[in-house]
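Below is entry22.txt, which holds compact mmCIF, C-alpha atoms and all ligand atoms.
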```
# COMPACT_ATOMS: atom_id res chain seq x y z
CA MET A 1 19.23 -4.97 8.07
CA MET A 2 16.92 -2.48 6.42
CA LEU A 3 17.56 0.43 8.79
CA GLN A 4 19.97 0.86 11.66
CA ALA A 5 20.38 3.83 13.98
CA ASP A 6 23.34 4.04 16.36
CA LYS A 7 23.51 6.53 19.24
CA LEU A 8 21.12 8.73 17.29
CA SER A 9 20.35 12.07 18.97
CA ILE A 10 18.01 14.73 17.62
CA LEU A 11 17.78 18.28 18.95
CA GLN A 12 15.20 20.98 18.28
CA GLY A 13 16.91 24.17 19.41
CA GLN A 14 18.29 23.32 22.86
CA ARG A 15 15.72 20.58 23.48
CA HIS A 16 16.55 16.90 23.11
CA LEU A 17 13.80 15.18 21.13
CA LEU A 18 15.79 11.96 21.00
CA HIS A 19 18.84 10.93 23.00
CA GLN A 20 21.13 8.10 21.96
CA LEU A 21 18.71 5.82 20.13
CA GLY A 22 20.03 2.41 19.06
CA TRP A 23 17.43 0.86 16.76
CA GLN A 24 17.28 -1.81 14.10
CA VAL A 25 14.45 -2.32 11.64
CA ARG A 26 14.41 -5.58 9.72
CA ALA A 27 12.59 -6.75 6.60
CA GLY A 28 9.03 -7.82 7.43
CA GLU A 29 8.77 -5.65 10.55
CA VAL A 30 6.12 -2.97 11.05
CA TRP A 31 7.07 -0.39 13.68
CA TRP A 32 4.53 1.87 15.35
CA LEU A 33 6.11 5.16 16.34
CA ALA A 34 4.05 6.60 19.19
CA GLY A 35 4.18 9.59 21.50
CA ARG A 36 2.43 12.83 22.32
CA ASN A 37 2.07 15.86 20.02
CA GLY A 38 5.43 17.52 19.50
CA CYS A 39 7.52 14.65 20.92
CA GLY A 40 9.53 14.37 17.69
CA LYS A 41 7.93 11.59 15.61
CA SER A 42 7.82 13.54 12.33
CA THR A 43 11.28 14.96 13.02
CA LEU A 44 12.61 11.42 13.46
CA LEU A 45 11.02 10.35 10.15
CA ALA A 46 12.55 13.37 8.39
CA THR A 47 15.94 12.46 9.87
CA LEU A 48 15.61 8.82 8.77
CA ALA A 49 14.70 10.04 5.28
CA GLY A 50 17.88 12.14 5.17
CA LEU A 51 15.98 15.43 5.06
CA ARG A 52 17.43 16.64 8.34
CA ALA A 53 20.81 16.00 9.95
CA PRO A 54 20.93 14.39 13.40
CA ALA A 55 22.74 16.19 16.22
CA GLN A 56 24.75 13.02 16.80
CA GLY A 57 24.93 9.40 15.80
CA SER A 58 24.56 7.52 12.55
CA ILE A 59 21.89 5.99 10.35
CA SER A 60 22.45 3.24 7.83
CA LEU A 61 20.05 2.13 5.15
CA CYS A 62 20.45 -1.36 3.66
CA GLY A 63 23.90 -1.54 5.29
CA GLN A 64 25.18 1.74 3.84
CA PRO A 65 25.54 5.09 5.63
CA LEU A 66 22.46 7.15 4.77
CA GLY A 67 24.49 10.23 3.84
CA SER A 68 26.66 8.35 1.35
CA ALA A 69 23.76 7.18 -0.84
CA ALA A 70 23.08 9.34 -3.90
CA PRO A 71 19.54 10.81 -3.88
CA ARG A 72 18.31 8.45 -6.61
CA LEU A 73 19.59 5.38 -4.75
CA ARG A 74 18.06 6.65 -1.51
CA ALA A 75 14.72 7.07 -3.28
CA GLN A 76 14.98 3.49 -4.52
CA ARG A 77 15.44 2.33 -0.93
CA LEU A 78 13.04 4.45 1.06
CA ALA A 79 9.72 6.17 0.49
CA LEU A 80 8.28 8.84 2.81
CA LEU A 81 4.62 9.70 3.22
CA PRO A 82 4.70 13.17 4.80
CA GLN A 83 2.01 14.36 7.21
CA ALA A 84 0.73 16.87 4.66
CA SER A 85 1.58 17.27 1.01
CA HIS A 86 1.49 20.45 -0.99
CA ASP A 87 0.97 20.11 -4.70
CA ALA A 88 3.37 22.20 -6.70
CA PHE A 89 1.65 21.26 -9.96
CA ASP A 90 -1.91 20.41 -10.78
CA TYR A 91 -1.12 16.93 -12.10
CA ALA A 92 -3.77 14.37 -12.92
CA VAL A 93 -3.87 11.57 -10.34
CA ILE A 94 -2.27 9.04 -12.69
CA ASP A 95 0.60 11.42 -13.54
CA ALA A 96 1.24 12.20 -9.85
CA VAL A 97 1.52 8.47 -9.12
CA ALA A 98 3.72 7.91 -12.21
CA ALA A 99 6.04 10.71 -11.00
CA ALA A 100 6.86 8.60 -7.94
CA ARG A 101 8.70 6.16 -10.23
CA TYR A 102 11.37 8.73 -11.11
CA PRO A 103 14.14 6.87 -9.19
CA TRP A 104 13.76 3.77 -11.37
CA PRO A 105 15.03 3.18 -14.91
CA ASP A 106 11.43 3.04 -16.23
CA ASP A 107 11.08 6.67 -15.04
CA GLY A 108 7.29 6.58 -14.82
CA HIS A 109 6.60 4.29 -17.78
CA ASN A 110 5.45 1.26 -15.86
CA PRO A 111 1.70 0.91 -16.44
CA GLY A 112 1.44 -2.34 -14.45
CA ARG A 113 2.90 -0.92 -11.25
CA ILE A 114 0.99 2.35 -11.57
CA ALA A 115 -2.32 0.52 -12.11
CA ALA A 116 -1.60 -1.74 -9.12
CA ALA A 117 -0.95 1.31 -6.90
CA LEU A 118 -4.09 3.07 -8.15
CA ASN A 119 -6.19 -0.07 -7.58
CA ALA A 120 -4.77 -0.72 -4.10
CA PHE A 121 -6.10 2.69 -3.00
CA ASP A 122 -9.34 2.63 -4.98
CA LEU A 123 -8.25 5.37 -7.38
CA ALA A 124 -8.84 3.83 -10.82
CA ARG A 125 -12.05 5.83 -11.21
CA LEU A 126 -10.22 9.07 -10.35
CA ALA A 127 -7.10 8.48 -12.48
CA GLU A 128 -7.67 11.42 -14.83
CA ARG A 129 -8.93 13.86 -12.17
CA PRO A 130 -6.64 16.86 -11.37
CA LEU A 131 -5.22 16.72 -7.83
CA GLN A 132 -6.80 20.04 -6.92
CA ALA A 133 -10.26 18.60 -7.59
CA LEU A 134 -9.93 15.86 -4.95
CA SER A 135 -11.31 15.60 -1.43
CA GLY A 136 -8.92 15.36 1.54
CA GLY A 137 -9.24 11.57 1.81
CA GLU A 138 -8.89 11.11 -1.96
CA ARG A 139 -5.73 13.25 -1.89
CA GLN A 140 -4.34 11.13 0.96
CA ARG A 141 -4.99 7.98 -1.09
CA VAL A 142 -3.02 9.49 -4.00
CA ALA A 143 -0.11 10.12 -1.61
CA LEU A 144 -0.30 6.48 -0.44
CA ALA A 145 -0.49 5.19 -4.03
CA SER A 146 2.57 7.31 -4.88
CA VAL A 147 4.49 5.76 -2.00
CA MET A 148 3.46 2.31 -3.25
CA ALA A 149 4.48 3.09 -6.85
CA GLN A 150 7.92 4.17 -5.63
CA ASP A 151 8.41 0.50 -4.67
CA ALA A 152 11.06 1.03 -1.98
CA PRO A 153 11.78 -1.70 0.60
CA LEU A 154 11.49 0.78 3.51
CA LEU A 155 8.29 2.82 3.91
CA LEU A 156 8.07 5.72 6.37
CA LEU A 157 4.42 6.67 6.82
CA ASP A 158 3.44 9.75 8.85
CA GLU A 159 -0.17 9.41 10.03
CA PRO A 160 -1.25 7.42 6.96
CA THR A 161 -4.89 7.12 8.10
CA ASN A 162 -5.36 10.92 8.09
CA SER A 163 -8.68 11.76 6.37
CA LEU A 164 -9.36 8.12 5.38
CA ASP A 165 -12.84 6.73 5.91
CA LEU A 166 -13.26 3.41 7.68
CA ALA A 167 -13.31 1.22 4.55
CA HIS A 168 -10.17 2.88 3.19
CA GLN A 169 -8.44 2.50 6.57
CA ALA A 170 -9.23 -1.21 6.39
CA ALA A 171 -7.84 -1.36 2.84
CA LEU A 172 -4.66 0.34 4.07
CA GLN A 173 -4.33 -2.30 6.81
CA VAL A 174 -4.56 -5.02 4.17
CA GLN A 175 -1.96 -3.25 2.02
CA ILE A 176 0.48 -2.83 4.93
CA ARG A 177 0.17 -6.57 5.68
CA ARG A 178 0.95 -7.29 2.00
CA TRP A 179 4.04 -5.08 2.15
CA GLN A 180 5.09 -6.92 5.31
CA ALA A 181 4.58 -10.32 3.64
CA ASP A 182 6.62 -9.09 0.65
CA GLY A 183 9.54 -8.38 3.00
CA LYS A 184 9.28 -4.61 3.14
CA ALA A 185 9.82 -2.77 6.41
CA VAL A 186 7.28 -0.16 7.48
CA VAL A 187 7.51 2.60 10.10
CA VAL A 188 4.13 4.15 10.92
CA VAL A 189 3.52 7.28 12.97
CA SER A 190 -0.02 7.11 14.32
CA HIS A 191 -2.28 8.37 17.11
CA ASP A 192 -4.86 5.70 16.23
CA LEU A 193 -4.97 3.21 19.10
CA GLN A 194 -6.94 0.70 17.07
CA PHE A 195 -5.31 0.94 13.64
CA ALA A 196 -1.65 1.01 14.72
CA PRO A 197 -1.67 -1.94 17.16
CA ALA A 198 -3.55 -4.03 14.56
CA ILE A 199 -0.76 -3.70 11.98
CA ALA A 200 2.40 -3.28 14.07
CA SER A 201 4.86 -6.01 15.03
CA HIS A 202 6.88 -3.59 17.20
CA ALA A 203 6.54 -0.19 18.86
CA LEU A 204 9.04 2.60 19.48
CA LEU A 205 7.74 4.99 22.13
CA LEU A 206 9.13 8.54 22.44
CA ASP A 207 8.65 10.50 25.67
CA GLY A 208 9.38 13.94 24.16
CA ALA A 209 12.38 14.57 26.44
CA GLY A 210 14.87 12.35 24.62
CA GLY A 211 13.75 9.10 26.24
CA HIS A 212 12.59 6.12 24.20
CA SER A 213 11.66 2.46 24.63
CA GLN A 214 11.18 -0.44 22.26
CA HIS A 215 8.63 -3.23 22.59
CA THR A 216 7.21 -6.06 20.58
CA LEU A 217 3.46 -5.59 20.23
CA ALA A 218 3.00 -8.80 22.21
CA GLN A 219 4.90 -7.19 25.14
CA LEU A 220 3.48 -3.70 24.89
CA ASP A 221 1.22 -3.29 27.89
CA ALA A 222 -1.24 -0.53 28.60
CA THR A 223 0.90 0.90 31.43
CA HIS A 224 3.94 1.49 29.17
CA LEU A 225 1.87 3.21 26.54
CA ALA A 226 -0.26 5.17 29.04
CA GLN A 227 2.88 6.62 30.67
CA VAL A 228 4.14 7.94 27.35
CA LEU A 229 0.76 9.20 26.14
CA GLY A 230 -0.18 10.72 29.51
CA TYR A 231 -3.60 9.10 29.63
CA PRO A 232 -4.90 5.87 31.21
CA LEU A 233 -5.42 2.98 28.80
CA THR A 234 -6.74 -0.54 28.75
CA ARG A 235 -5.43 -3.18 26.36
CA ILE A 236 -8.01 -5.50 24.81
CA THR A 237 -8.07 -7.93 21.90
CA HIS A 238 -10.56 -7.03 19.23
CA ALA A 239 -11.14 -8.95 15.98
CA GLY A 240 -7.98 -10.95 16.70
CA HIS A 241 -5.72 -7.90 17.17
CA PRO A 242 -4.53 -5.90 20.17
CA CYS A 243 -6.20 -2.54 20.64
CA PHE A 244 -5.99 0.17 23.33
CA LEU A 245 -9.03 1.88 24.75
CA PRO A 246 -8.89 5.16 26.71
CA GLY A 247 -9.67 4.80 30.43
CA HIS A 248 -9.55 2.03 32.99
CA THR A 249 -11.86 -0.95 33.00
CA THR A 250 -14.43 -0.65 35.78
N1 LIG B 1 11.12 25.26 12.98
C1 LIG B 1 10.91 24.93 14.26
N2 LIG B 1 11.28 25.77 15.26
C2 LIG B 1 11.08 25.43 16.56
N3 LIG B 1 10.50 24.30 16.95
C3 LIG B 1 10.13 23.43 16.00
C4 LIG B 1 10.30 23.69 14.60
N4 LIG B 1 9.83 22.65 13.90
C5 LIG B 1 9.36 21.77 14.82
N5 LIG B 1 9.53 22.23 16.07
C6 LIG B 1 9.18 21.56 17.33
O1 LIG B 1 9.77 20.27 17.34
C7 LIG B 1 8.97 19.38 18.10
C8 LIG B 1 8.82 18.07 17.36
O2 LIG B 1 7.93 18.25 16.27
P1 LIG B 1 7.39 16.99 15.44
O3 LIG B 1 6.65 17.54 14.28
O4 LIG B 1 8.51 16.06 15.19
O5 LIG B 1 6.38 16.33 16.50
P2 LIG B 1 5.41 15.07 16.34
O6 LIG B 1 5.79 14.10 17.42
O7 LIG B 1 5.43 14.56 14.95
O8 LIG B 1 4.01 15.73 16.71
P3 LIG B 1 2.46 15.50 16.23
O9 LIG B 1 1.96 14.30 16.99
O10 LIG B 1 1.80 16.76 16.71
O11 LIG B 1 2.45 15.34 14.74
C9 LIG B 1 7.66 20.11 18.38
O12 LIG B 1 7.65 20.53 19.73
C10 LIG B 1 7.69 21.30 17.45
O13 LIG B 1 7.01 22.41 18.00
```
Kindly present the structure from the file in structure tokens form.
Amino acid sequence: MMLQADKLSILQGQRHLLHQLGWQVRAGEVWWLAGRNGCGKSTLLATLAGLRAPAQGSISLCGQPLGSAAPRLRAQRLALLPQASHDAFDYAVIDAVAAARYPWPDDGHNPGRIAAALNAFDLARLAERPLQALSGGERQRVALASVMAQDAPLLLLDEPTNSLDLAHQAALQVQIRRWQADGKAVVVVSHDLQFAPAIASHALLLDGAGGHSQHTLAQLDATHLAQVLGYPLTRITHAGHPCFLPGHTT
């Protein structure tokens, strides 16, 4: 089991964001974490990454309690793509991606893995560019390449398509399928009703008041999702994948 949560509760002030979640994420699964603004998706990712303590319950990562893993071991096992990144240093792209290898014995000296991560996100041409001279989408691709270079079996991605153009969104879909085929587990927070259903095997829906439900993508119907998102939806199949469109069919 890659990730297991038992009776996990998360509070923000007095408000329950999550109440008693029991959840298991296995190798090769891609989970879509969906819910309205402020329902607690990013807070759940931060809790799973060990950056925030839960109010109650436990989390285990690769069979070991999350809190008992030393930071370096935790970084070998999970990688987090935050919703926004702030650059403390004006690294060149290639150095920022190399820095993501700090948990491993090669400590950044792994040209093959770094080149693969740069290529996967179309960054070879920008390798020497300082981070502060990148566009928003280019910066997002560096963050994704850094997550890839970290080479953890569990990837927590908060709105990974932010700022990406269509072709780079499609490349990210391909890369997530590769990670899945390689036996990694991926948790993706997304508001994109085309992207997320196309890559996910499962969905965890949060209602913002502590409630949650789990579905396989095959079982996830428009009514379930519409209730949680507070907007009518229609499920269709497009290009061989499920997809949700706003509104009812007429
Ligand atoms: N420091 C804080 N003080 C008070 N409330 C906070 C604080 N940080 C976050 N919150 C609240 O916690 C709730 C959960 O926030 P979170 O970022 O997890 O939501 P989200 O589901 O990721 O939302 P979005 O879809 O907008 O990214 C929000 O209502 C937010 O306003």
Proximity to ligand LIG 1 (chain B) - best of A:Thr237, A:Thr216, A:Thr161, A:Ser42, all atoms listed in the file: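 Checking each candidate against ligand LIG 1 (chain B), we get A:Ser42 as the closest.
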Neighbourhood of ligand LIG 1 (chain B) at 7 Å, counting all atoms listed in the file, reported as a list of chain:residue names: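 The residues near ligand LIG 1 (chain B) are A:Gln12, A:Gly13, A:Leu17, A:Gly35, A:Arg36, A:Asn37, A:Gly38, A:Cys39, A:Gly40, A:Lys41, A:Ser42, A:Thr43, A:Leu44.
Residues of protein, DNA or RNA having at least one counted atom within 12 Å of (-7.2, -1.0, -0.6), given only C-alpha atoms, are Ala116, Ala117, Leu118, Asn119, Ala120, Phe121, Asp122, Leu123, Ala124, Arg141, Val142, Leu144, Ala145, Met148, Leu164, Asp165, Leu166, Ala167, His168, Gln169, Ala170, Ala171, Leu172, Gln173, Val174, Gln175, Ile176, Arg177 and Arg178 of chain A.
Among A:Arg26, A:His212, A:His16, A:Arg77, the residue with the shortest atom-to-atom distance to Leu154 of chain A, counting only C-alpha atoms, is A:Arg77.
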Close residues, segment 232-236 of chain A itself excluded, 12 Å, only C-alpha atoms, min 3 positions apart in chain, as a count of residues only: 29
Separation of atom CA of Asp192 of chain A from atom CA of Pro160 of chain A, in Å and rounded to one decimal: 10.1 Å
Atom CA of Ala84 of chain A to atom CA of Leu11 of chain A, straight-line distance in Å: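 We find that atom CA of Leu11 of chain A and atom CA of Ala84 of chain A lie 22.3 Å from each other.
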Between atom CA of Ala27 of chain A and atom CA of Lys184 of chain A - distance in Å to one decimal: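 Taking atom CA of Lys184 of chain A and atom CA of Ala27 of chain A, their separation equals 5.2 Å.
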